[in-house]
Amino acid sequence: AQSVAQPEDQVNVAEGNPLTVKCTYSVSGNPYLFWYVQYPNRGLQFLLKYITGDNLVKGSYGFEAEFNKSQTSFHLKKPSALVSDSALYFCAVRDSTGANNLFFGTGTRLTVIP
Amino acid sequence: DGGITQSPKYLFRKEGQNVTLSCEQNLNHDAMYWYRQDPGQGLRLIYYSQIVNDFQKGDIAEGYSVSREKKESFPLTVTSAQKNPTAFYLCASSIEGADTQYFGPGTRLTVL
């Protein structure tokens with residue numbers, strides 16, 4: 001069975017500091033991993049994905065994520081947080097053998113403090 | 001959100017009524033999806049369709065129905081059998097065989 005865990009409901013970080021939003025996953029085959037961001041009353045916006053290749057994936061708005069197979073993790077990072085990064089972040093996974101539907105984590109609310 | 005539209009943005013329904021949520025995409029994507037979002041629960045898959053005239057149940061299909069008569073359109077009907085329909089509904093689409101899903105702006109349904 002596929003599943004995603006986002007262990008932190010809320011992450012607070014000061015503007016200009018580095019940020020990390022954690023994600024661990026469980027799949028039966030090779031993982032396809034995604035990060036999305038959601039602003040209030042809006043749909044999800046795609047940030048980045050890992051399919052294969054380099055473990056460090058760079059995405060939109062200066063975000064990046066590192067795939068760690070041994071730890072089954074795919075943490076989202078940014079070197080310097082902006083107040084405008086405050087939003088709800090979702091990690092999602094599908095395996096390489098199943099249908100195209102994604103399994104989502106429960107989300108992490110990031111607040112960047114000015 | 002570009003390329004995928006959902007209407008209406010807000011919808012109110014009385015108990016016992018069916019209601020249909022619209023989802024249209026102009027991305028020429030083969031696959032389309034409906035998710036339900038509740039606070040603290042992330043997104044849960046209701047139905048998905050990988051091709052016209054075909055669709056599959058997701059994890060929480062009970063009380064919902066869909067159709068896929070055209071590639072661009074994937075309407076979701078919330079029936080009176082859905083016991084707790086108040087939620088934020090998100091539609092998404094993707095290229096068949098690719099992996100990135102792109103989402104519409106969502107419809108917030110409230111049952112009065």
# chains A, B, ... in the order shown; residues from 1 in each chain; ligands from 1
$ interface_residues --of "chain B" --to "chain A" --cutoff "10 Å" --atoms "only C-alpha atoms" --output "MDAnalysis selection string"
chainID B and resid 1:2 6 9 31:33 37:45 47:50 58 88:92 94:108
$ write_last_selection --atoms "N, CA and C atoms" --output "compact mmCIF listing (two decimals), in the first residue's frame"
# COMPACT_ATOMS: atom_id res chain seq x y z
N ASP B 1 -3.13 27.34 -11.71
CA ASP B 1 -4.51 26.90 -12.02
C ASP B 1 -4.80 26.98 -13.51
N GLY B 2 -3.94 27.58 -14.31
CA GLY B 2 -4.24 27.83 -15.70
C GLY B 2 -4.53 26.57 -16.45
N GLN B 6 -12.95 25.31 -12.83
CA GLN B 6 -13.99 24.66 -12.04
C GLN B 6 -15.06 25.70 -11.74
N LYS B 9 -17.42 28.57 -7.93
CA LYS B 9 -16.40 28.65 -6.90
C LYS B 9 -16.99 28.27 -5.54
N ALA B 31 -6.05 12.20 -18.84
CA ALA B 31 -6.50 11.76 -17.52
C ALA B 31 -7.06 12.94 -16.71
N MET B 32 -8.13 12.66 -15.97
CA MET B 32 -8.73 13.67 -15.10
C MET B 32 -9.11 13.02 -13.78
N TYR B 33 -9.16 13.84 -12.73
CA TYR B 33 -9.33 13.33 -11.37
C TYR B 33 -10.23 14.27 -10.56
N GLN B 37 -11.14 17.58 -0.32
CA GLN B 37 -10.21 18.06 0.70
C GLN B 37 -10.98 18.47 1.93
N ASP B 38 -10.62 17.88 3.05
CA ASP B 38 -11.18 18.23 4.36
C ASP B 38 -10.03 18.67 5.26
N PRO B 39 -10.30 19.55 6.19
CA PRO B 39 -9.23 20.04 7.07
C PRO B 39 -8.52 18.91 7.78
N GLY B 40 -7.19 18.94 7.74
CA GLY B 40 -6.39 17.95 8.45
C GLY B 40 -6.35 16.57 7.82
N GLN B 41 -6.99 16.40 6.66
CA GLN B 41 -7.01 15.07 6.05
C GLN B 41 -6.35 15.04 4.69
N GLY B 42 -5.80 16.12 4.24
CA GLY B 42 -5.20 16.11 2.92
C GLY B 42 -6.24 15.91 1.84
N LEU B 43 -5.83 15.37 0.71
CA LEU B 43 -6.71 15.14 -0.42
C LEU B 43 -7.02 13.66 -0.54
N ARG B 44 -8.27 13.35 -0.81
CA ARG B 44 -8.68 11.96 -1.00
C ARG B 44 -9.33 11.83 -2.38
N LEU B 45 -8.95 10.77 -3.08
CA LEU B 45 -9.40 10.57 -4.45
C LEU B 45 -10.82 10.03 -4.49
N TYR B 47 -12.90 9.90 -7.80
CA TYR B 47 -12.96 9.19 -9.07
C TYR B 47 -11.82 9.68 -9.95
N TYR B 48 -11.44 8.83 -10.90
CA TYR B 48 -10.51 9.27 -11.92
C TYR B 48 -10.86 8.62 -13.25
N SER B 49 -10.40 9.28 -14.31
CA SER B 49 -10.68 8.81 -15.65
C SER B 49 -9.39 8.92 -16.46
N GLN B 50 -8.99 7.84 -17.08
CA GLN B 50 -7.74 7.87 -17.86
C GLN B 50 -8.01 8.07 -19.34
N GLY B 58 -12.25 5.90 -6.91
CA GLY B 58 -11.11 6.13 -6.04
C GLY B 58 -11.38 5.58 -4.66
N PHE B 88 -14.18 20.94 0.26
CA PHE B 88 -13.57 21.63 -0.87
C PHE B 88 -13.23 20.57 -1.90
N TYR B 89 -13.74 20.75 -3.13
CA TYR B 89 -13.56 19.74 -4.18
C TYR B 89 -12.58 20.25 -5.23
N LEU B 90 -11.60 19.42 -5.53
CA LEU B 90 -10.54 19.79 -6.48
C LEU B 90 -10.53 18.83 -7.65
N CYS B 91 -10.45 19.40 -8.81
CA CYS B 91 -10.32 18.64 -10.05
C CYS B 91 -8.88 18.77 -10.54
N ALA B 92 -8.36 17.73 -11.16
CA ALA B 92 -7.01 17.76 -11.69
C ALA B 92 -6.96 17.02 -13.01
N SER B 94 -3.93 15.26 -16.06
CA SER B 94 -2.54 14.96 -16.39
C SER B 94 -2.49 14.30 -17.76
N ILE B 95 -1.30 14.37 -18.36
CA ILE B 95 -1.08 13.67 -19.63
C ILE B 95 -1.00 12.17 -19.34
N GLU B 96 -1.72 11.39 -20.08
CA GLU B 96 -1.66 9.95 -19.86
C GLU B 96 -0.22 9.47 -20.00
N GLY B 97 0.22 8.71 -19.01
CA GLY B 97 1.58 8.17 -19.03
C GLY B 97 2.58 9.07 -18.37
N ALA B 98 2.28 10.33 -18.20
CA ALA B 98 3.14 11.25 -17.44
C ALA B 98 2.62 11.29 -16.02
N ASP B 99 3.24 12.09 -15.19
CA ASP B 99 2.94 11.97 -13.77
C ASP B 99 2.46 13.23 -13.08
N THR B 100 2.72 14.38 -13.65
CA THR B 100 2.37 15.60 -12.94
C THR B 100 0.90 15.90 -13.14
N GLN B 101 0.19 16.06 -12.05
CA GLN B 101 -1.21 16.47 -12.10
C GLN B 101 -1.30 17.98 -11.88
N TYR B 102 -2.15 18.60 -12.66
CA TYR B 102 -2.37 20.03 -12.55
C TYR B 102 -3.79 20.26 -12.08
N PHE B 103 -3.92 21.17 -11.12
CA PHE B 103 -5.19 21.33 -10.41
C PHE B 103 -5.95 22.57 -10.82
N GLY B 104 -7.27 22.46 -10.74
CA GLY B 104 -8.14 23.61 -10.89
C GLY B 104 -8.21 24.38 -9.59
N PRO B 105 -8.97 25.51 -9.58
CA PRO B 105 -9.04 26.38 -8.41
C PRO B 105 -9.95 25.86 -7.30
N GLY B 106 -10.76 24.83 -7.59
CA GLY B 106 -11.59 24.24 -6.55
C GLY B 106 -12.99 24.81 -6.47
N THR B 107 -13.89 23.99 -5.92
CA THR B 107 -15.27 24.40 -5.61
C THR B 107 -15.53 24.07 -4.15
N ARG B 108 -16.00 25.07 -3.41
CA ARG B 108 -16.35 24.83 -2.00
C ARG B 108 -17.85 24.58 -1.92
$ residues_around --residues "Lys14 in chain B" --least-positions-apart "4" --cutoff "9 Å" --atoms "only C-alpha atoms" --output "number ranges by chain"
B: 18, 110-112
$ select_by_dssp --residues "chain A" --states "strand (DSSP E or B)" --output "MDAnalysis selection string"
chainID A and resid 3:5 10:14 19:21 24:26 31:38 44:50 56:58 64:68 73:78 87:95 103:104 108:113
$ residues_around --residues "Ala65 in chain A" --least-positions-apart "4" --cutoff "7 Å" --atoms "only C-alpha atoms" --output "list in words"
Leu56, Val57, Lys58, Phe74, His75, Leu76 and Lys77 of chain A
$ residues_around --residues "range 11-23 of chain A" --least-positions-apart "6" --cutoff "6 Å" --atoms "only C-alpha atoms" --output "PyMOL selection string"
chain A and resi 5+73-82+110-114
$ write_last_selection --atoms "C-alpha atoms" --output "short mmCIF file (atom, residue, chain, number, x, y, z; two decimals), in the first residue's frame"
data_model
loop_
_atom_site.label_atom_id
_atom_site.label_comp_id
_atom_site.auth_asym_id
_atom_site.auth_seq_id
_atom_site.Cartn_x
_atom_site.Cartn_y
_atom_site.Cartn_z
CA ALA A 5 3.51 11.01 6.15
CA SER A 73 12.20 10.64 2.66
CA PHE A 74 11.64 13.55 0.31
CA HIS A 75 12.04 16.72 2.39
CA LEU A 76 11.26 20.11 0.87
CA LYS A 77 13.84 22.85 1.44
CA LYS A 78 14.55 26.46 0.65
CA PRO A 79 17.75 28.32 1.63
CA SER A 80 16.05 31.60 2.54
CA ALA A 81 12.37 31.82 3.42
CA LEU A 82 10.08 34.61 2.25
CA LEU A 110 4.31 26.85 6.79
CA THR A 111 4.33 30.26 8.42
CA VAL A 112 7.22 32.61 7.69
CA ILE A 113 7.53 35.26 10.35
CA PRO A 114 8.70 38.72 9.26
#
$ closest_residue --among "B:Leu11, B:Val19, B:Leu109, B:Ile51" --to "Ser93 in chain B" --atoms "only C-alpha atoms"
B:Ile51
$ residues_around --residues "Glu62 in chain B" --least-positions-apart "2" --cutoff "7 Å" --atoms "only C-alpha atoms" --output "short mmCIF file (atom, residue, chain, number, x, y, z; two decimals) with all heavy atoms, in the first residue's frame"
data_model
loop_
_atom_site.label_atom_id
_atom_site.label_comp_id
_atom_site.auth_asym_id
_atom_site.auth_seq_id
_atom_site.Cartn_x
_atom_site.Cartn_y
_atom_site.Cartn_z
N ILE B 60 -12.92 7.08 -2.08
CA ILE B 60 -14.15 7.50 -1.38
C ILE B 60 -15.26 7.79 -2.38
O ILE B 60 -15.88 8.83 -2.35
CB ILE B 60 -13.87 8.73 -0.49
CG1 ILE B 60 -13.26 9.89 -1.30
CG2 ILE B 60 -12.96 8.38 0.67
CD1 ILE B 60 -13.31 11.22 -0.58
N TYR B 64 -21.06 9.58 -4.83
CA TYR B 64 -20.64 10.43 -5.93
C TYR B 64 -20.82 9.68 -7.26
O TYR B 64 -20.80 8.46 -7.28
CB TYR B 64 -19.17 10.81 -5.80
CG TYR B 64 -18.81 11.59 -4.56
CD1 TYR B 64 -18.28 10.94 -3.45
CD2 TYR B 64 -18.99 12.97 -4.50
CE1 TYR B 64 -17.94 11.64 -2.31
CE2 TYR B 64 -18.65 13.68 -3.37
CZ TYR B 64 -18.12 13.01 -2.28
OH TYR B 64 -17.79 13.71 -1.15
N GLN B 82 -24.53 10.89 -0.37
CA GLN B 82 -23.27 11.30 0.28
C GLN B 82 -23.64 11.94 1.61
O GLN B 82 -24.26 13.01 1.66
CB GLN B 82 -22.50 12.26 -0.62
CG GLN B 82 -21.30 12.94 0.03
CD GLN B 82 -20.35 12.02 0.76
OE1 GLN B 82 -20.07 12.19 1.93
NE2 GLN B 82 -19.87 11.02 0.06
#
$ atom_distance --atom1 "CA of Thr20 in chain B" --atom2 "CA of Glu69 in chain B"
14.9 Å
$ closest_residue --among "B:Ser73, B:Gln17, B:Ser80, B:Ser65" --to "Asp30 in chain B" --atoms "only C-alpha atoms"
B:Ser73
$ select_by_dssp --residues "chain A" --states "helix (DSSP H, G or I)" --output "ChimeraX atom specification"
/A:60-62,83-85
